[in-house]
Each structure stands twice: as C-alpha cells, then as structure tokens.
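What follows is my_file-v3.csv (CSV, N, CA and C atoms).
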chain,number,residue,atom,x,y,z
L,1,MET,N,0.9,-1.2,0.0
L,1,MET,CA,0.0,0.0,0.0
L,1,MET,C,0.9,1.2,0.0
L,2,ALA,N,0.6,2.2,-0.9
L,2,ALA,CA,1.3,3.4,-0.9
L,2,ALA,C,1.0,4.3,0.3
L,3,ALA,N,2.0,5.0,0.7
L,3,ALA,CA,1.8,5.9,1.9
L,3,ALA,C,0.6,6.8,1.7
L,4,ASN,N,0.4,7.4,0.5
L,4,ASN,CA,-0.7,8.3,0.3
L,4,ASN,C,-2.0,7.6,0.4
L,5,ASP,N,-2.1,6.3,0.0
L,5,ASP,CA,-3.4,5.6,0.1
L,5,ASP,C,-3.7,5.4,1.6
L,6,GLU,N,-2.6,5.0,2.4
L,6,GLU,CA,-2.8,4.8,3.8
L,6,GLU,C,-3.3,6.1,4.5
L,7,ASP,N,-2.6,7.2,4.1
L,7,ASP,CA,-3.0,8.5,4.7
L,7,ASP,C,-4.5,8.8,4.4
L,8,GLN,N,-4.9,8.5,3.2
L,8,GLN,CA,-6.3,8.8,2.8
L,8,GLN,C,-7.2,7.9,3.6
L,9,GLN,N,-6.9,6.7,3.8
L,9,GLN,CA,-7.7,5.8,4.5
L,9,GLN,C,-7.8,6.2,6.0
L,10,ILE,N,-6.7,6.7,6.5
L,10,ILE,CA,-6.7,7.1,7.9
L,10,ILE,C,-7.6,8.4,8.1
L,11,ALA,N,-7.5,9.3,7.1
L,11,ALA,CA,-8.3,10.5,7.2
L,11,ALA,C,-9.8,10.1,7.1
L,12,ALA,N,-10.1,9.2,6.2
L,12,ALA,CA,-11.5,8.8,6.1
L,12,ALA,C,-12.0,8.1,7.4
L,13,LEU,N,-11.1,7.4,8.0
L,13,LEU,CA,-11.4,6.7,9.2
L,13,LEU,C,-11.7,7.7,10.3
L,14,VAL,N,-11.0,8.8,10.4
L,14,VAL,CA,-11.2,9.8,11.4
L,14,VAL,C,-12.6,10.4,11.2
L,15,GLN,N,-13.0,10.6,9.9
L,15,GLN,CA,-14.3,11.2,9.6
L,15,GLN,C,-15.4,10.2,10.0
L,16,ARG,N,-15.2,8.9,9.7
L,16,ARG,CA,-16.3,7.9,10.0
L,16,ARG,C,-16.4,7.8,11.5
L,17,LEU,N,-15.3,7.8,12.2
L,17,LEU,CA,-15.4,7.6,13.7
L,17,LEU,C,-16.0,8.9,14.3
L,18,ALA,N,-15.7,10.0,13.8
L,18,ALA,CA,-16.2,11.3,14.4
L,18,ALA,C,-17.8,11.3,14.2
L,19,ALA,N,-18.2,10.7,13.0
L,19,ALA,CA,-19.7,10.7,12.8
L,19,ALA,C,-20.3,9.6,13.7
L,20,GLN,N,-19.6,8.5,13.9
L,20,GLN,CA,-20.1,7.4,14.8
L,20,GLN,C,-20.1,7.8,16.2
L,21,PHE,N,-19.2,8.7,16.7
L,21,PHE,CA,-19.2,9.1,18.1
L,21,PHE,C,-19.3,10.6,18.2
L,22,PRO,N,-20.5,11.1,17.9
L,22,PRO,CA,-20.7,12.6,17.8
L,22,PRO,C,-20.5,13.3,19.2
L,23,ALA,N,-20.6,12.5,20.3
L,23,ALA,CA,-20.4,13.1,21.6
L,23,ALA,C,-18.9,13.4,21.9
L,24,ILE,N,-18.0,12.8,21.1
L,24,ILE,CA,-16.6,13.0,21.3
L,24,ILE,C,-16.1,14.0,20.3
L,25,ASN,N,-15.3,15.0,20.8
L,25,ASN,CA,-14.8,16.0,19.9
L,25,ASN,C,-14.0,15.4,18.8
L,26,THR,N,-14.1,15.9,17.6
L,26,THR,CA,-13.4,15.4,16.5
L,26,THR,C,-11.8,15.5,16.7
L,27,ASP,N,-11.4,16.5,17.4
L,27,ASP,CA,-9.9,16.6,17.6
L,27,ASP,C,-9.5,15.4,18.5
L,28,THR,N,-10.3,15.0,19.4
L,28,THR,CA,-10.0,13.9,20.3
L,28,THR,C,-10.0,12.6,19.5
L,29,VAL,N,-10.9,12.4,18.6
L,29,VAL,CA,-11.0,11.3,17.7
L,29,VAL,C,-9.7,11.2,16.9
L,30,GLU,N,-9.3,12.4,16.3
L,30,GLU,CA,-8.2,12.5,15.5
L,30,GLU,C,-6.9,12.1,16.3
L,31,GLY,N,-6.8,12.6,17.5
L,31,GLY,CA,-5.7,12.4,18.3
L,31,GLY,C,-5.5,10.9,18.7
L,32,ILE,N,-6.6,10.2,19.0
L,32,ILE,CA,-6.6,8.8,19.3
L,32,ILE,C,-6.2,8.0,18.1
L,33,VAL,N,-6.7,8.3,16.9
L,33,VAL,CA,-6.3,7.6,15.7
L,33,VAL,C,-4.9,7.9,15.4
L,34,ALA,N,-4.4,9.1,15.5
L,34,ALA,CA,-3.0,9.4,15.3
L,34,ALA,C,-2.1,8.6,16.2
L,35,GLU,N,-2.4,8.6,17.5
L,35,GLU,CA,-1.6,7.9,18.5
L,35,GLU,C,-1.5,6.4,18.1
L,36,ILE,N,-2.6,5.8,17.8
L,36,ILE,CA,-2.6,4.4,17.5
L,36,ILE,C,-1.8,4.2,16.2
L,37,HIS,N,-2.0,5.0,15.2
L,37,HIS,CA,-1.4,4.9,13.9
L,37,HIS,C,0.2,5.0,14.1
L,38,ARG,N,0.6,5.9,14.9
L,38,ARG,CA,2.1,6.1,15.2
L,38,ARG,C,2.7,4.8,15.8
L,39,GLY,N,1.9,4.0,16.5
L,39,GLY,CA,2.3,2.8,17.0
L,39,GLY,C,2.8,1.7,16.0
L,40,PHE,N,2.4,2.0,14.7
L,40,PHE,CA,2.7,1.1,13.6
L,40,PHE,C,3.9,1.6,12.8
L,41,ASP,N,4.5,2.7,13.2
L,41,ASP,CA,5.6,3.3,12.5
L,41,ASP,C,6.7,2.3,12.3
L,42,GLY,N,7.3,2.2,11.2
L,42,GLY,CA,8.4,1.3,11.0
L,42,GLY,C,8.1,-0.1,10.6
L,43,ARG,N,6.8,-0.4,10.6
L,43,ARG,CA,6.4,-1.7,10.3
L,43,ARG,C,6.4,-1.9,8.7
L,44,PRO,N,7.1,-2.9,8.2
L,44,PRO,CA,7.2,-3.0,6.8
L,44,PRO,C,6.0,-3.3,6.0
L,45,VAL,N,5.1,-4.1,6.5
L,45,VAL,CA,3.9,-4.5,5.8
L,45,VAL,C,2.8,-3.5,6.3
L,46,ARG,N,2.3,-2.7,5.3
L,46,ARG,CA,1.4,-1.7,5.7
L,46,ARG,C,-0.1,-2.0,5.3
L,47,ASP,N,-0.4,-3.1,4.6
L,47,ASP,CA,-1.7,-3.3,4.0
L,47,ASP,C,-2.8,-3.3,5.0
L,48,PHE,N,-2.6,-3.8,6.2
L,48,PHE,CA,-3.7,-3.9,7.2
L,48,PHE,C,-3.6,-2.8,8.3
L,49,ILE,N,-2.7,-1.9,8.2
L,49,ILE,CA,-2.6,-0.9,9.2
L,49,ILE,C,-3.9,-0.1,9.4
L,50,PRO,N,-4.6,0.4,8.4
L,50,PRO,CA,-5.8,1.1,8.6
L,50,PRO,C,-6.9,0.3,9.4
L,51,LEU,N,-7.0,-1.0,9.1
L,51,LEU,CA,-7.9,-1.8,9.8
L,51,LEU,C,-7.5,-2.0,11.2
L,52,LEU,N,-6.2,-2.2,11.5
L,52,LEU,CA,-5.8,-2.4,12.9
L,52,LEU,C,-6.0,-1.1,13.7
L,53,VAL,N,-5.7,0.1,13.0
L,53,VAL,CA,-5.9,1.4,13.7
L,53,VAL,C,-7.4,1.5,14.0
L,54,GLU,N,-8.3,1.2,13.1
L,54,GLU,CA,-9.7,1.3,13.3
L,54,GLU,C,-10.2,0.4,14.5
L,55,ARG,N,-9.7,-0.8,14.5
L,55,ARG,CA,-10.1,-1.6,15.7
L,55,ARG,C,-9.6,-1.1,17.0
L,56,GLY,N,-8.4,-0.6,17.1
L,56,GLY,CA,-7.9,0.0,18.3
L,56,GLY,C,-8.7,1.2,18.7
L,57,ALA,N,-8.9,2.1,17.7
L,57,ALA,CA,-9.7,3.3,18.0
L,57,ALA,C,-11.1,3.0,18.4
L,58,LEU,N,-11.7,2.1,17.8
L,58,LEU,CA,-13.1,1.7,18.2
L,58,LEU,C,-13.1,1.3,19.7
L,59,ARG,N,-12.2,0.5,20.0
L,59,ARG,CA,-12.1,0.0,21.5
L,59,ARG,C,-12.0,1.2,22.4
L,60,ARG,N,-11.0,2.1,22.1
L,60,ARG,CA,-10.8,3.3,23.0
L,60,ARG,C,-12.0,4.2,23.0
L,61,LEU,N,-12.6,4.5,21.8
L,61,LEU,CA,-13.7,5.4,21.7
L,61,LEU,C,-14.9,4.8,22.4
L,62,SER,N,-15.1,3.5,22.3
L,62,SER,CA,-16.3,2.9,22.9
L,62,SER,C,-16.2,3.0,24.4
L,63,ALA,N,-15.0,2.9,24.9
L,63,ALA,CA,-14.7,3.0,26.4
L,63,ALA,C,-14.9,4.4,26.9
L,64,THR,N,-14.5,5.4,26.0
L,64,THR,CA,-14.6,6.8,26.3
L,64,THR,C,-16.0,7.3,26.3
L,65,GLY,N,-16.7,7.0,25.2
L,65,GLY,CA,-18.0,7.6,25.0
L,65,GLY,C,-19.1,6.6,25.0

Structure re-expressed in structure tokens:
Amino acid sequence: MAANDEDQQIAALVQRLAAQFPAINTDTVEGIVAEIHRGFDGRPVRDFIPLLVERGALRRLSATG
C-alpha cells in the first residue's frame, strides 16, 4: 500500500469515527487515531494498518463515550 493511500484511509477513518461518536470532539478522535497509527511506524507491511488502527480506535472510543 502506498503511503498516500494509507493516509487517505486514515483521514476517512477519522471522519467515520467522528460521525459514529458525535459526543466525542473530532480533535479527540483524530488524536486517538494518530496515536494508534504512530504505534505502527516502521512496520514493513502496511496493508492492514488502517484496519488495525480502526479496531484499536473503536475500542478506545467505545470505552470513552
């Protein structure tokens, strides 16, 4: 997966999660997604990173809101 594709998927993920959790500030959603995404820095296989980020963010957001 190209870095640009991954960045686009992560940006779309932030928008989907912000819509799914309207009680949580969009900046907070973006911060959680960015933090989880950074945890995958340096990993050579990038194909499933957006999915893994989404799963982690959903767990954290569900616990928060």

- Message: From the options L:Ala57, L:Leu51, L:Arg16, L:Ala11, which residue's atoms come nearest to Ile36 (chain L), counting only N, CA and C atoms?
- Response: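 Smallest distance to Ile36 (chain L) is found for L:Ala57.
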
- Item | Interatomic distance, atom N of Leu58 (chain L) to CA of Gln8 (chain L) (Å, one decimal) | 17.3 Å

- Message: Ranking L:Ala18, L:Leu61, L:Ala34, L:Ile10 by minimum distance to Ile49 (chain L) and counting only N, CA and C atoms, which one comes first?
- Response: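 Answer, going by the shortest atom-to-atom distance: L:Ile10.
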
- Task: May I ask for the distance between CA of Glu54 (chain L) and CA of Asn25 (chain L), given in Å to one decimal place?
- Result: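 Those two atoms sit 16.9 Å apart.
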
- Between L:Pro44, L:Asp27, L:Pro50, L:His37, single out the one closest to Leu13 (chain L), counting only N, CA and C atoms.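 Checking each candidate against Leu13 (chain L), we get L:Pro50 as the closest.
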
- Task: Do a neighbour search on Thr26 (chain L) at 8 Å with all atoms listed in the file, toss out local chain neighbours closer than 6 positions, and write the hits as a VMD selection string.
- Result: chain L and resid 14 17 to 19 32

- Task: Mind giving me the straight-line distance from CA of Gly42 (chain L) to CA of Asn4 (chain L) in Å, one decimal?
- Result: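 A separation of 15.7 Å between them.
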
Final all heavy atoms of region 52-63 of chain L as a PDB file, keeping the file's coordinate frame:
ATOM      1  N   LEU L  52      -6.200  -2.200  11.500  1.00  0.00           N
ATOM      2  CA  LEU L  52      -5.800  -2.400  12.900  1.00  0.00           C
ATOM      3  C   LEU L  52      -6.000  -1.100  13.700  1.00  0.00           C
ATOM      4  O   LEU L  52      -6.341  -1.105  14.849  1.00  0.00           O
ATOM      5  CB  LEU L  52      -4.326  -2.814  12.888  1.00  0.00           C
ATOM      6  CG  LEU L  52      -4.072  -4.193  12.264  1.00  0.00           C
ATOM      7  CD1 LEU L  52      -2.577  -4.436  12.107  1.00  0.00           C
ATOM      8  CD2 LEU L  52      -4.732  -5.286  13.076  1.00  0.00           C
ATOM      9  N   VAL L  53      -5.700   0.100  13.000  1.00  0.00           N
ATOM     10  CA  VAL L  53      -5.900   1.400  13.700  1.00  0.00           C
ATOM     11  C   VAL L  53      -7.400   1.500  14.000  1.00  0.00           C
ATOM     12  O   VAL L  53      -7.770   1.954  15.098  1.00  0.00           O
ATOM     13  CB  VAL L  53      -5.413   2.513  12.793  1.00  0.00           C
ATOM     14  CG1 VAL L  53      -5.829   3.856  13.356  1.00  0.00           C
ATOM     15  CG2 VAL L  53      -3.899   2.443  12.643  1.00  0.00           C
ATOM     16  N   GLU L  54      -8.300   1.200  13.100  1.00  0.00           N
ATOM     17  CA  GLU L  54      -9.700   1.300  13.300  1.00  0.00           C
ATOM     18  C   GLU L  54     -10.200   0.400  14.500  1.00  0.00           C
ATOM     19  O   GLU L  54     -10.907   0.907  15.344  1.00  0.00           O
ATOM     20  CB  GLU L  54     -10.482   0.879  12.044  1.00  0.00           C
ATOM     21  CG  GLU L  54     -11.986   1.030  12.205  1.00  0.00           C
ATOM     22  CD  GLU L  54     -12.748   0.791  10.925  1.00  0.00           C
ATOM     23  OE1 GLU L  54     -12.156   0.363   9.917  1.00  0.00           O
ATOM     24  OE2 GLU L  54     -13.962   1.055  10.934  1.00  0.00           O
ATOM     25  N   ARG L  55      -9.700  -0.800  14.500  1.00  0.00           N
ATOM     26  CA  ARG L  55     -10.100  -1.600  15.700  1.00  0.00           C
ATOM     27  C   ARG L  55      -9.600  -1.100  17.000  1.00  0.00           C
ATOM     28  O   ARG L  55     -10.388  -1.068  17.972  1.00  0.00           O
ATOM     29  CB  ARG L  55      -9.495  -3.036  15.469  1.00  0.00           C
ATOM     30  CG  ARG L  55     -10.179  -3.809  14.381  1.00  0.00           C
ATOM     31  CD  ARG L  55      -9.603  -5.174  14.230  1.00  0.00           C
ATOM     32  NE  ARG L  55     -10.306  -5.909  13.186  1.00  0.00           N
ATOM     33  CZ  ARG L  55      -9.950  -7.098  12.777  1.00  0.00           C
ATOM     34  NH1 ARG L  55      -8.908  -7.714  13.309  1.00  0.00           N
ATOM     35  NH2 ARG L  55     -10.628  -7.706  11.826  1.00  0.00           N
ATOM     36  N   GLY L  56      -8.400  -0.600  17.100  1.00  0.00           N
ATOM     37  CA  GLY L  56      -7.900   0.000  18.300  1.00  0.00           C
ATOM     38  C   GLY L  56      -8.700   1.200  18.700  1.00  0.00           C
ATOM     39  O   GLY L  56      -8.990   1.464  19.848  1.00  0.00           O
ATOM     40  N   ALA L  57      -8.900   2.100  17.700  1.00  0.00           N
ATOM     41  CA  ALA L  57      -9.700   3.300  18.000  1.00  0.00           C
ATOM     42  C   ALA L  57     -11.100   3.000  18.400  1.00  0.00           C
ATOM     43  O   ALA L  57     -11.595   3.710  19.317  1.00  0.00           O
ATOM     44  CB  ALA L  57      -9.639   4.218  16.717  1.00  0.00           C
ATOM     45  N   LEU L  58     -11.700   2.100  17.800  1.00  0.00           N
ATOM     46  CA  LEU L  58     -13.100   1.700  18.200  1.00  0.00           C
ATOM     47  C   LEU L  58     -13.100   1.300  19.700  1.00  0.00           C
ATOM     48  O   LEU L  58     -14.030   1.664  20.403  1.00  0.00           O
ATOM     49  CB  LEU L  58     -13.655   0.629  17.298  1.00  0.00           C
ATOM     50  CG  LEU L  58     -14.231   1.066  15.975  1.00  0.00           C
ATOM     51  CD1 LEU L  58     -14.519  -0.134  15.080  1.00  0.00           C
ATOM     52  CD2 LEU L  58     -15.492   1.886  16.193  1.00  0.00           C
ATOM     53  N   ARG L  59     -12.200   0.500  20.000  1.00  0.00           N
ATOM     54  CA  ARG L  59     -12.100   0.000  21.500  1.00  0.00           C
ATOM     55  C   ARG L  59     -12.000   1.200  22.400  1.00  0.00           C
ATOM     56  O   ARG L  59     -12.663   1.326  23.396  1.00  0.00           O
ATOM     57  CB  ARG L  59     -10.943  -0.943  21.668  1.00  0.00           C
ATOM     58  CG  ARG L  59     -11.251  -2.360  21.284  1.00  0.00           C
ATOM     59  CD  ARG L  59     -10.197  -3.328  21.799  1.00  0.00           C
ATOM     60  NE  ARG L  59      -8.874  -3.076  21.256  1.00  0.00           N
ATOM     61  CZ  ARG L  59      -8.413  -3.589  20.128  1.00  0.00           C
ATOM     62  NH1 ARG L  59      -9.169  -4.391  19.418  1.00  0.00           N
ATOM     63  NH2 ARG L  59      -7.198  -3.302  19.708  1.00  0.00           N
ATOM     64  N   ARG L  60     -11.000   2.100  22.100  1.00  0.00           N
ATOM     65  CA  ARG L  60     -10.800   3.300  23.000  1.00  0.00           C
ATOM     66  C   ARG L  60     -12.000   4.200  23.000  1.00  0.00           C
ATOM     67  O   ARG L  60     -12.367   4.733  24.026  1.00  0.00           O
ATOM     68  CB  ARG L  60      -9.540   3.999  22.530  1.00  0.00           C
ATOM     69  CG  ARG L  60      -8.332   3.169  22.868  1.00  0.00           C
ATOM     70  CD  ARG L  60      -7.056   3.832  23.116  1.00  0.00           C
ATOM     71  NE  ARG L  60      -6.997   5.186  23.546  1.00  0.00           N
ATOM     72  CZ  ARG L  60      -5.983   5.998  23.254  1.00  0.00           C
ATOM     73  NH1 ARG L  60      -4.964   5.551  22.530  1.00  0.00           N
ATOM     74  NH2 ARG L  60      -5.963   7.222  23.702  1.00  0.00           N
ATOM     75  N   LEU L  61     -12.600   4.500  21.800  1.00  0.00           N
ATOM     76  CA  LEU L  61     -13.700   5.400  21.700  1.00  0.00           C
ATOM     77  C   LEU L  61     -14.900   4.800  22.400  1.00  0.00           C
ATOM     78  O   LEU L  61     -15.687   5.563  23.055  1.00  0.00           O
ATOM     79  CB  LEU L  61     -13.987   5.791  20.291  1.00  0.00           C
ATOM     80  CG  LEU L  61     -12.906   6.653  19.625  1.00  0.00           C
ATOM     81  CD1 LEU L  61     -13.123   6.713  18.128  1.00  0.00           C
ATOM     82  CD2 LEU L  61     -12.870   8.036  20.234  1.00  0.00           C
ATOM     83  N   SER L  62     -15.100   3.500  22.300  1.00  0.00           N
ATOM     84  CA  SER L  62     -16.300   2.900  22.900  1.00  0.00           C
ATOM     85  C   SER L  62     -16.200   3.000  24.400  1.00  0.00           C
ATOM     86  O   SER L  62     -17.151   3.193  25.149  1.00  0.00           O
ATOM     87  CB  SER L  62     -16.400   1.444  22.488  1.00  0.00           C
ATOM     88  OG  SER L  62     -16.732   1.360  21.130  1.00  0.00           O
ATOM     89  N   ALA L  63     -15.000   2.900  24.900  1.00  0.00           N
ATOM     90  CA  ALA L  63     -14.700   3.000  26.400  1.00  0.00           C
ATOM     91  C   ALA L  63     -14.900   4.400  26.900  1.00  0.00           C
ATOM     92  O   ALA L  63     -15.232   4.653  27.997  1.00  0.00           O
ATOM     93  CB  ALA L  63     -13.339   2.415  26.725  1.00  0.00           C
TER      94      ALA L  63
END
